[in-house]
file query_20.txt (compact mmCIF, C-alpha atoms)
# COMPACT_ATOMS: atom_id res chain seq x y z
CA GLU M 1 11.70 25.54 19.25
CA ASP M 2 11.46 22.00 17.92
CA ALA M 3 13.87 20.79 20.53
CA LEU M 4 11.25 21.79 23.17
CA LEU M 5 8.82 19.11 22.02
CA PRO M 6 9.48 16.04 24.21
CA VAL M 7 10.74 12.91 22.54
CA PRO M 8 8.50 9.85 23.09
CA GLN M 9 9.85 7.61 25.87
CA ASN M 10 9.62 3.92 26.77
CA ILE M 11 9.66 2.89 23.12
CA SER M 12 9.27 -0.87 22.94
CA ILE M 13 8.10 -3.74 20.80
CA LEU M 14 5.28 -6.11 21.55
CA SER M 15 5.54 -9.13 19.26
CA ILE M 16 3.31 -12.14 19.62
CA ASN M 17 2.71 -14.82 16.99
CA MET M 18 4.36 -12.79 14.24
CA LYS M 19 2.22 -9.73 14.91
CA HIS M 20 4.49 -6.85 15.80
CA PHE M 21 3.56 -3.58 17.51
CA LEU M 22 5.64 -0.57 18.42
CA THR M 23 4.48 1.16 21.61
CA TRP M 24 5.61 4.24 23.57
CA SER M 25 4.48 6.40 26.45
CA PRO M 26 2.17 9.31 25.72
CA VAL M 27 3.74 12.75 25.58
CA ILE M 28 1.83 15.20 27.76
CA ILE M 29 1.78 18.79 26.50
CA PRO M 30 -0.62 21.03 28.43
CA GLY M 31 -3.33 22.44 26.19
CA GLU M 32 -2.06 20.53 23.14
CA MET M 33 -2.87 17.23 21.45
CA ALA M 34 0.32 15.31 20.81
CA ARG M 35 0.55 13.31 17.61
CA TYR M 36 3.19 10.79 16.58
CA SER M 37 4.88 9.50 13.44
CA VAL M 38 6.76 6.22 13.06
CA GLU M 39 9.53 5.18 10.66
CA PHE M 40 11.46 1.92 10.14
CA GLN M 41 14.84 0.97 8.72
CA GLY M 42 15.71 -2.56 7.69
CA GLU M 43 19.14 -4.09 7.30
CA TYR M 44 18.92 -3.35 3.59
CA GLU M 45 18.38 0.38 4.21
CA ARG M 46 21.28 0.46 6.68
CA GLU M 47 23.73 -1.45 4.53
CA TYR M 48 22.77 -0.50 0.95
CA ALA M 49 20.54 2.58 0.97
CA ASN M 50 22.47 5.21 2.89
CA GLU M 51 20.82 4.36 6.22
CA SER M 52 17.54 5.71 4.91
CA TRP M 53 14.33 5.53 6.93
CA ILE M 54 10.89 4.67 5.60
CA PRO M 55 7.74 6.24 7.00
CA ILE M 56 4.75 4.08 7.90
CA CYS M 57 1.85 6.09 6.58
CA GLU M 58 -0.73 4.28 8.74
CA CYS M 59 1.23 5.65 11.73
CA SER M 60 1.78 9.17 10.51
CA LEU M 61 0.48 11.95 12.81
CA ILE M 62 -1.56 9.52 14.89
CA THR M 63 -2.78 10.18 18.43
CA ALA M 64 -2.52 6.55 19.51
CA THR M 65 0.69 5.40 21.22
CA VAL M 66 0.85 2.07 19.36
CA CYS M 67 1.64 1.26 15.75
CA ASN M 68 1.10 -2.07 13.97
CA ILE M 69 4.36 -2.61 12.11
CA THR M 70 3.65 -6.21 11.10
CA GLU M 71 3.39 -5.55 7.38
CA ASP M 72 6.73 -3.74 7.28
CA ILE M 73 8.65 -6.24 9.39
CA SER M 74 8.46 -8.76 6.59
CA ALA M 75 11.94 -10.26 6.59
CA THR M 76 14.04 -12.08 9.16
CA VAL M 77 16.61 -9.29 9.46
CA ALA M 78 17.37 -6.65 12.07
CA TYR M 79 15.15 -3.57 11.99
CA ASN M 80 15.51 -0.15 13.58
CA LEU M 81 12.38 1.73 14.58
CA ARG M 82 11.82 5.33 15.64
CA VAL M 83 8.96 7.65 16.61
CA ARG M 84 8.67 11.38 17.16
CA THR M 85 6.11 13.81 18.51
CA ALA M 86 4.29 16.38 16.42
CA VAL M 87 2.14 19.35 17.43
CA GLY M 88 1.03 21.49 14.54
CA ALA M 89 4.14 22.18 12.49
CA ARG M 90 6.44 21.45 15.41
CA ARG M 91 8.36 18.17 15.60
CA SER M 92 10.43 16.60 18.37
CA LYS M 93 13.68 14.80 17.82
CA TRP M 94 13.34 11.12 16.98
CA GLY M 95 13.12 8.57 19.74
CA THR M 96 14.69 5.32 18.56
CA LEU M 97 13.98 1.82 19.85
CA LYS M 98 16.89 0.63 21.96
CA GLY M 99 18.52 -2.17 20.00
CA PHE M 100 17.32 -3.83 16.84
CA PHE M 101 14.13 -5.80 16.43
CA ASN M 102 14.24 -9.11 14.57
CA ARG M 103 10.99 -11.04 14.16
CA ILE M 104 12.85 -14.20 15.10
CA THR M 105 12.26 -13.11 18.71
CA THR M 106 8.48 -13.07 18.45
CA SER M 107 6.62 -14.95 21.20
CA LEU M 108 4.89 -18.05 19.89
CA THR M 109 1.90 -19.27 21.86
CA PRO M 110 0.36 -22.74 21.61
CA PRO M 111 -2.54 -22.83 19.13
CA LEU M 112 -6.18 -22.86 20.16
CA MET M 113 -7.48 -26.26 19.27
CA LYS M 114 -10.77 -28.15 19.44
CA VAL M 115 -10.78 -31.94 19.25
CA ILE M 116 -13.98 -33.56 18.01
CA ALA M 117 -15.07 -37.18 18.02
CA ASP M 118 -17.53 -37.38 15.15
CA GLY M 119 -18.78 -40.93 15.39
CA TYR M 120 -15.58 -42.96 14.96
CA HIS M 121 -13.69 -40.09 13.33
CA LEU M 122 -11.07 -38.17 15.29
CA LEU M 123 -11.08 -34.58 14.07
CA VAL M 124 -9.28 -31.40 15.13
CA GLU M 125 -10.14 -27.79 14.48
CA LEU M 126 -7.20 -25.37 14.61
CA GLU M 127 -7.09 -21.61 15.02
CA ASP M 128 -6.26 -19.69 11.83
CA MET M 129 -3.14 -17.74 12.79
CA GLY M 130 -2.20 -16.46 9.37
CA PRO M 131 -0.18 -17.65 6.36
CA ALA M 132 3.12 -17.81 8.23
CA PHE M 133 1.86 -20.62 10.49
CA GLN M 134 1.94 -24.39 10.13
CA PHE M 135 0.84 -26.87 12.80
CA CYS M 136 2.26 -30.09 14.14
CA VAL M 137 -0.52 -32.23 15.59
CA LEU M 138 0.30 -35.26 17.75
CA TYR M 139 -2.36 -37.88 18.56
CA TRP M 140 -2.32 -41.18 20.33
CA LYS M 141 -4.44 -43.76 22.07
CA LYS M 142 -4.40 -43.00 25.78
CA GLY M 143 -1.84 -45.18 27.51
CA GLN M 144 0.01 -45.82 24.26
CA GLU M 145 2.09 -42.64 24.20
CA SER M 146 4.95 -44.57 22.63
CA ARG M 147 2.82 -45.04 19.50
CA MET M 148 2.18 -41.32 19.10
CA GLN M 149 1.39 -40.24 15.53
CA GLN M 150 2.05 -36.88 13.91
CA LYS M 151 0.30 -34.83 11.26
CA VAL M 152 1.68 -31.59 9.83
CA VAL M 153 -1.03 -29.14 8.84
CA LYS M 154 0.25 -26.47 6.45
CA GLU M 155 -2.99 -24.68 5.77
CA VAL M 156 -5.78 -24.18 8.21
CA GLY M 157 -9.08 -24.15 6.45
CA SER M 158 -11.49 -26.69 7.65
CA VAL M 159 -11.51 -29.42 10.23
CA VAL M 160 -8.60 -31.88 9.94
CA HIS M 161 -9.26 -35.61 10.00
CA LEU M 162 -6.66 -37.36 12.14
CA ASP M 163 -7.76 -40.94 12.51
CA THR M 164 -10.55 -43.47 12.62
CA MET M 165 -11.05 -44.53 16.22
CA GLU M 166 -11.94 -47.82 17.78
CA ALA M 167 -14.87 -47.83 20.18
CA GLY M 168 -13.83 -47.74 23.83
CA PRO M 169 -10.35 -46.23 24.34
CA ASP M 170 -9.71 -42.49 24.71
CA TYR M 171 -7.83 -40.72 22.01
CA CYS M 172 -5.67 -37.74 22.96
CA VAL M 173 -4.41 -34.84 20.88
CA LYS M 174 -2.03 -31.90 21.31
CA ALA M 175 -0.65 -29.37 18.83
CA GLN M 176 2.10 -26.78 18.38
CA THR M 177 2.66 -24.10 15.76
CA TYR M 178 5.68 -23.90 13.45
CA VAL M 179 6.80 -20.74 11.62
CA GLU M 180 9.06 -21.63 8.69
CA SER M 181 10.34 -18.11 8.04
CA ILE M 182 11.93 -17.97 11.48
CA ASN M 183 12.31 -21.75 11.89
CA ARG M 184 10.76 -21.82 15.36
CA SER M 185 7.92 -23.68 17.06
CA SER M 186 5.59 -22.85 19.93
CA SER M 187 5.20 -25.06 22.98
CA PHE M 188 2.46 -27.68 22.82
CA SER M 189 -1.14 -26.94 23.64
CA GLN M 190 -2.96 -28.63 26.47
CA THR M 191 -3.83 -32.23 25.65
CA GLN M 192 -7.45 -32.90 24.83
CA CYS M 193 -8.94 -36.42 24.87
CA VAL M 194 -12.13 -37.74 23.34
CA ARG M 195 -13.74 -41.11 22.93
CA ALA M 196 -15.82 -42.55 20.13
CA GLN M 197 -19.22 -43.94 21.05
CA GLY M 198 -21.44 -44.90 18.23
CA GLY M 199 -22.60 -41.80 16.39
CA ARG M 200 -22.47 -39.36 19.32
CA SER M 201 -19.68 -36.87 19.88
CA VAL M 202 -18.29 -37.16 23.36
CA TRP M 203 -16.09 -34.73 25.24
CA LEU M 204 -13.94 -35.80 28.19
CA SER A 1 11.22 -16.42 2.59
CA VAL A 2 10.56 -16.71 -1.13
CA ALA A 3 6.82 -16.76 -0.51
CA GLU A 4 7.09 -13.42 1.26
CA ILE A 5 9.13 -11.99 -1.61
CA ARG A 6 6.45 -13.12 -4.03
CA SER A 7 3.63 -11.63 -1.96
CA GLY A 8 5.51 -8.34 -1.66
CA PHE A 9 6.15 -8.30 -5.40
CA THR A 10 2.58 -9.23 -6.33
CA ALA A 11 1.37 -6.20 -4.37
CA ILE A 12 3.35 -3.78 -6.60
CA LYS A 13 3.91 -5.75 -9.81
CA ALA A 14 1.46 -3.77 -11.95
CA ASN A 15 2.80 -0.45 -10.65
CA ILE A 16 6.42 -1.41 -11.31
CA GLN A 17 5.82 -2.93 -14.74
CA ALA A 18 3.86 0.16 -15.75
CA ARG A 19 7.05 2.17 -15.17
CA ASP A 20 8.96 0.09 -17.73
CA PRO A 21 8.26 1.45 -21.24
CA ILE A 22 10.77 -0.82 -23.02
CA ARG A 23 8.80 -3.97 -23.79
CA THR A 24 11.14 -5.29 -26.45
CA LEU A 25 14.06 -6.16 -24.18
CA SER A 26 14.35 -8.50 -21.21
CA ILE A 27 17.07 -8.50 -18.57
CA LEU A 28 16.61 -12.06 -17.32
CA SER A 29 15.30 -13.83 -20.40
CA TYR A 30 17.29 -12.51 -23.36
CA PRO A 31 18.51 -14.35 -25.40
CA HIS A 32 18.02 -17.58 -23.46
CA SER A 33 15.48 -18.09 -20.77
CA LEU A 34 16.69 -18.89 -17.26
CA HIS A 35 14.88 -22.18 -17.65
CA LYS A 36 17.74 -23.50 -19.81
CA VAL A 37 20.06 -23.71 -16.79
CA LYS A 38 21.52 -27.06 -15.74
CA SER A 39 20.47 -28.10 -12.23
CA SER A 40 24.12 -28.14 -11.16
CA ASP A 41 24.33 -24.45 -12.06
CA ARG A 42 21.09 -23.38 -10.33
CA CYS A 43 22.57 -22.55 -6.96
CA CYS A 44 25.38 -20.47 -8.46
CA ILE A 45 23.02 -18.51 -10.73
CA THR A 46 20.59 -17.95 -7.87
CA HIS A 47 23.41 -16.69 -5.67
CA HIS A 48 24.67 -14.39 -8.41
CA LEU A 49 21.18 -13.03 -9.08
CA PHE A 50 20.48 -12.34 -5.41
CA ASN A 51 23.72 -10.38 -5.23
CA PHE A 52 22.76 -8.58 -8.46
CA TYR A 53 19.38 -7.49 -7.09
CA VAL A 54 20.79 -6.42 -3.72
CA ASP A 55 23.87 -4.64 -5.04
CA LYS A 56 22.56 -3.15 -8.28
CA VAL A 57 18.79 -3.16 -8.58
CA PHE A 58 16.87 -2.18 -5.45
CA LYS A 59 18.80 1.00 -4.72
CA HIS A 60 17.74 2.48 -8.06
CA CYS A 61 14.05 1.69 -7.63
CA LYS A 62 12.99 4.48 -5.29
CA THR A 63 9.61 5.89 -6.34
CA GLU A 64 7.38 8.78 -5.32
CA ASP A 65 4.88 6.24 -3.98
CA LEU A 66 5.37 5.51 -0.24
CA TYR A 67 3.49 2.22 -0.41
CA VAL A 68 5.61 0.98 -3.31
CA ASN A 69 8.78 2.03 -1.47
CA ARG A 70 7.68 0.09 1.60
CA LYS A 71 7.09 -3.03 -0.46
CA ILE A 72 10.44 -2.66 -2.20
CA SER A 73 12.03 -2.42 1.24
CA SER A 74 10.20 -5.57 2.26
CA ILE A 75 11.45 -7.43 -0.83
CA ALA A 76 15.00 -6.12 -0.46
CA ASN A 77 15.22 -7.14 3.20
CA SER A 78 13.79 -10.56 2.37
CA PHE A 79 16.48 -10.87 -0.33
CA LEU A 80 19.13 -10.24 2.32
CA SER A 81 17.65 -12.93 4.49
CA VAL A 82 17.50 -15.55 1.69
CA ARG A 83 20.92 -14.52 0.39
CA ARG A 84 22.38 -15.26 3.81
CA ARG A 85 21.30 -18.88 3.42
CA LEU A 86 22.67 -19.04 -0.11
CA GLN A 87 25.91 -17.64 1.22
CA GLN A 88 26.17 -20.58 3.59
CA CYS A 89 25.81 -23.00 0.64
CA HIS A 90 28.46 -21.05 -1.23
CA GLU A 91 30.85 -21.26 1.71
CA GLN A 92 30.27 -24.99 2.01
CA ASN A 93 31.16 -25.43 -1.67
CA GLN A 94 27.66 -26.57 -2.47
CA CYS A 95 27.15 -23.78 -4.94
CA MET A 96 29.80 -24.29 -7.58
CA CYS A 97 29.93 -21.96 -10.57
CA GLY A 98 30.55 -23.62 -13.92
CA GLN A 99 31.46 -21.84 -17.13
CA GLU A 100 27.91 -21.94 -18.41
CA SER A 101 26.40 -20.29 -15.36
CA THR A 102 29.09 -17.62 -15.40
CA GLU A 103 28.39 -16.92 -19.07
CA LYS A 104 24.66 -16.81 -18.48
CA PHE A 105 25.04 -14.38 -15.60
CA ASN A 106 27.40 -12.19 -17.64
CA GLN A 107 24.68 -12.08 -20.34
CA ILE A 108 22.21 -10.81 -17.75
CA LEU A 109 24.69 -8.13 -16.68
CA ALA A 110 25.22 -7.14 -20.31
CA ASN A 111 21.46 -6.80 -20.78
CA TYR A 112 21.33 -4.66 -17.65
CA GLU A 113 24.15 -2.37 -18.70
CA ARG A 114 22.55 -1.77 -22.09
CA LEU A 115 19.96 0.51 -20.44
CA ASN A 116 20.32 3.56 -18.25
CA VAL A 117 20.53 2.56 -14.62
CA THR A 118 17.02 3.56 -13.53
CA SER A 119 15.31 1.89 -16.48
CA ALA A 120 17.45 -1.21 -16.05
CA ALA A 121 16.72 -1.40 -12.33
CA MET A 122 12.98 -0.90 -12.78
CA LYS A 123 12.88 -3.48 -15.57
CA SER A 124 14.81 -5.98 -13.46
CA LEU A 125 12.42 -5.43 -10.55
CA GLY A 126 9.49 -5.88 -12.90
CA GLU A 127 10.94 -9.22 -14.01
CA LEU A 128 11.19 -10.55 -10.46
CA ASP A 129 8.41 -13.05 -11.10
CA ILE A 130 10.54 -14.62 -13.84
CA LEU A 131 13.23 -15.27 -11.22
CA LEU A 132 10.74 -16.45 -8.58
CA ASN A 133 8.98 -18.80 -11.01
CA TRP A 134 12.32 -20.22 -12.08
CA MET A 135 13.44 -20.68 -8.46
CA GLU A 136 10.24 -22.44 -7.49
CA LYS A 137 10.26 -24.70 -10.52
CA SER A 138 12.12 -27.86 -9.53
CA PRO A 139 14.92 -28.74 -12.00

call {"tool": "encode", "arguments": {"input": "query_20.txt", "output": "structure tokens"}}
result
Amino acid sequence: EDALLPVPQNISILSINMKHFLTWSPVIIPGEMARYSVEFQGEYEREYANESWIPICECSLITATVCNITEDISATVAYNLRVRTAVGARRSKWGTLKGFFNRITTSLTPPLMKVIADGYHLLVELEDMGPAFQFCVLYWKKGQESRMQQKVVKEVGSVVHLDTMEAGPDYCVKAQTYVESINRSSSFSQTQCVRAQGGRSVWL
Amino acid sequence: SVAEIRSGFTAIKANIQARDPIRTLSILSYPHSLHKVKSSDRCCITHHLFNFYVDKVFKHCKTEDLYVNRKISSIANSFLSVRRRLQQCHEQNQCMCGQESTEKFNQILANYERLNVTSAAMKSLGELDILLNWMEKSP
């Protein structure tokens, strides 16, 4: 009778900025509430542990059709993922993600960034994207792109001081993220320019 | 990465070490600590130890605790990822094994084989911070 329970379809991964989610289409069973359970299998389990699967307890018998697998996808290796339907004691067969998932394929977006001119100080505030992220910040005097300077920010806590500005010229800044564990960077953010004017912060 | 291995291990360290009743014996530190390794031997010993953990240790560390098993999976898969990089060094002859490193690694194996496999595996896993500290300490 188990075979009658439909297997979840359209199983796919949504991975952005090292946050990984498994999603699938809802299984419609008239008069019943479908629940789902998710399991993963890393390269280690495939190669050294008899192809064993490991359940994700936060996604065991859930009604949602999405599971946050970020904490379990914690190595840059190929993972298999599967999900099945459950109604009462009945279980469907497993539906397995087509192909492996490796976090190296995550989409990296440019960081949110706020550039501040605090008097003559050029500051930047960066979005906290988690411990896996570093930032490469480029800054230059407008019109002097050839003399662009770089600062690598490994930990985002407070505002980062980039430079002491001269009065008058605009100073421009852009930033990208870098994830060491997958050795990839995002594209650069939009450029933001500010200008120092006495003690007042000025936005351009 | 090594940082991810450490964070995975920190999450289950107390649980794993509580499963190791034999406090009088060490796998990685007896009789000489890893810290007495020449810098030229570091890569070879690290490579050997990563193979040791992948081939011998993790598979005997299954527990009744799902969370612990998930973290062990996380550590084991991270080991595979780091080992792949070490393998590249080994293939480019940048990871030469001298007599001393071979002897030191054989001592670790002897320590391991002195216990039954589950106890030895659990003790080795519980000593992972010794390996991580040694790896992160520059020569």

call {"tool": "closest_residue", "arguments": {"input": "query_20.txt", "among": "A:Ile5, A:Ala121, A:Leu66, A:Cys61", "to": "Trp53 (chain M)", "atoms": "all atoms listed in the file"}}
result
A:Leu66

call {"tool": "closest_atom_pairs", "arguments": {"input": "query_20.txt", "of": "chain M", "to": "chain A", "cutoff": "9 Å", "atoms": "all atoms listed in the file", "output": "Markdown table"}}
result
| residue | atom | partner | partner_atom | distance |
| --- | --- | --- | --- | --- |
| M:Gln41 | CA | A:Ser73 | CA | 8.7 |
| M:Gly42 | CA | A:Asn77 | CA | 6.4 |
| M:Glu43 | CA | A:Asn77 | CA | 6.4 |
| M:Tyr44 | CA | A:Asn77 | CA | 5.3 |
| M:Glu45 | CA | A:Ser73 | CA | 7.5 |
| M:Tyr48 | CA | A:Lys59 | CA | 7.1 |
| M:Ala49 | CA | A:Lys59 | CA | 6.2 |
| M:Ile54 | CA | A:Arg70 | CA | 6.9 |
| M:Pro55 | CA | A:Leu66 | CA | 7.7 |
| M:Ile56 | CA | A:Arg70 | CA | 8.0 |
| M:Cys57 | CA | A:Leu66 | CA | 7.7 |
| M:Glu71 | CA | A:Ser74 | CA | 8.5 |
| M:Asp72 | CA | A:Ser74 | CA | 6.4 |
| M:Ile73 | CA | A:Ser74 | CA | 7.3 |
| M:Ser74 | CA | A:Ser74 | CA | 5.7 |
| M:Ala75 | CA | A:Ser78 | CA | 4.6 |
| M:Thr76 | CA | A:Ser81 | CA | 6.0 |
| M:Val77 | CA | A:Ser81 | CA | 6.2 |
| M:Glu180 | CA | A:Ser1 | CA | 8.3 |
| M:Ser181 | CA | A:Ser1 | CA | 5.8 |

call {"tool": "write_last_selection", "arguments": {"input": "query_20.txt", "atoms": "C-alpha atoms", "output": "PDB file, in the frame of the given file"}}
result
ATOM      1  CA  GLN M  41      14.840   0.970   8.720  1.00  0.00           C
ATOM      2  CA  GLY M  42      15.710  -2.560   7.690  1.00  0.00           C
ATOM      3  CA  GLU M  43      19.140  -4.090   7.300  1.00  0.00           C
ATOM      4  CA  TYR M  44      18.920  -3.350   3.590  1.00  0.00           C
ATOM      5  CA  GLU M  45      18.380   0.380   4.210  1.00  0.00           C
ATOM      6  CA  TYR M  48      22.770  -0.500   0.950  1.00  0.00           C
ATOM      7  CA  ALA M  49      20.540   2.580   0.970  1.00  0.00           C
ATOM      8  CA  ILE M  54      10.890   4.670   5.600  1.00  0.00           C
ATOM      9  CA  PRO M  55       7.740   6.240   7.000  1.00  0.00           C
ATOM     10  CA  ILE M  56       4.750   4.080   7.900  1.00  0.00           C
ATOM     11  CA  CYS M  57       1.850   6.090   6.580  1.00  0.00           C
ATOM     12  CA  GLU M  71       3.390  -5.550   7.380  1.00  0.00           C
ATOM     13  CA  ASP M  72       6.730  -3.740   7.280  1.00  0.00           C
ATOM     14  CA  ILE M  73       8.650  -6.240   9.390  1.00  0.00           C
ATOM     15  CA  SER M  74       8.460  -8.760   6.590  1.00  0.00           C
ATOM     16  CA  ALA M  75      11.940 -10.260   6.590  1.00  0.00           C
ATOM     17  CA  THR M  76      14.040 -12.080   9.160  1.00  0.00           C
ATOM     18  CA  VAL M  77      16.610  -9.290   9.460  1.00  0.00           C
ATOM     19  CA  GLU M 180       9.060 -21.630   8.690  1.00  0.00           C
ATOM     20  CA  SER M 181      10.340 -18.110   8.040  1.00  0.00           C
TER      21      SER M 181
END

call {"tool": "atom_distance", "arguments": {"input": "query_20.txt", "atom1": "CA of Gln176 (chain M)", "atom2": "CA of Lys19 (chain M)"}}
result
17.4 Å

call {"tool": "residues_around", "arguments": {"input": "query_20.txt", "residues": "Glu155 (chain M)", "least_positions_apart": "4", "cutoff": "10 Å", "atoms": "only C-alpha atoms", "output": "list in words"}}
result
Leu126, Asp128, Met129, Gly130, Pro131, Ala132, Phe133, Gln134 and Phe135 of chain M

call {"tool": "closest_residue", "arguments": {"input": "query_20.txt", "among": "M:Glu51, M:Glu127, M:Ser25, M:Glu32", "to": "Val83 (chain M)", "atoms": "all atoms listed in the file"}}
result
M:Ser25

call {"tool": "closest_residue", "arguments": {"input": "query_20.txt", "among": "A:His90, A:Arg19, A:Arg6, A:His32", "to": "His47 (chain A)", "atoms": "all atoms listed in the file"}}
result
A:His90

call {"tool": "closest_residue", "arguments": {"input": "query_20.txt", "among": "A:Met135, A:Leu128, A:Leu34, A:Ile12", "to": "Asp65 (chain A)", "atoms": "all atoms listed in the file"}}
result
A:Ile12

call {"tool": "closest_residue", "arguments": {"input": "query_20.txt", "among": "A:Glu127, A:Asn15, A:Ser39, A:Glu136", "to": "Glu64 (chain A)", "atoms": "all atoms listed in the file"}}
result
A:Asn15

call {"tool": "residues_around", "arguments": {"input": "query_20.txt", "residues": "region 96-102 of chain A", "least_positions_apart": "5", "cutoff": "12 Å", "atoms": "all atoms listed in the file", "output": "PyMOL selection string"}}
result
chain A and resi 32+34-49+86-87+89-91+107-109

call {"tool": "atom_distance", "arguments": {"input": "query_20.txt", "atom1": "CA of Arg184 (chain M)", "atom2": "CA of Leu97 (chain M)"}}
result
24.3 Å

call {"tool": "atom_distance", "arguments": {"input": "query_20.txt", "atom1": "CA of Tyr112 (chain A)", "atom2": "CA of Asn51 (chain A)"}}
result
13.9 Å

call {"tool": "closest_residue", "arguments": {"input": "query_20.txt", "among": "M:Val156, M:Leu5, M:Ala117, M:Met148", "to": "Ile29 (chain M)", "atoms": "all atoms listed in the file"}}
result
M:Leu5
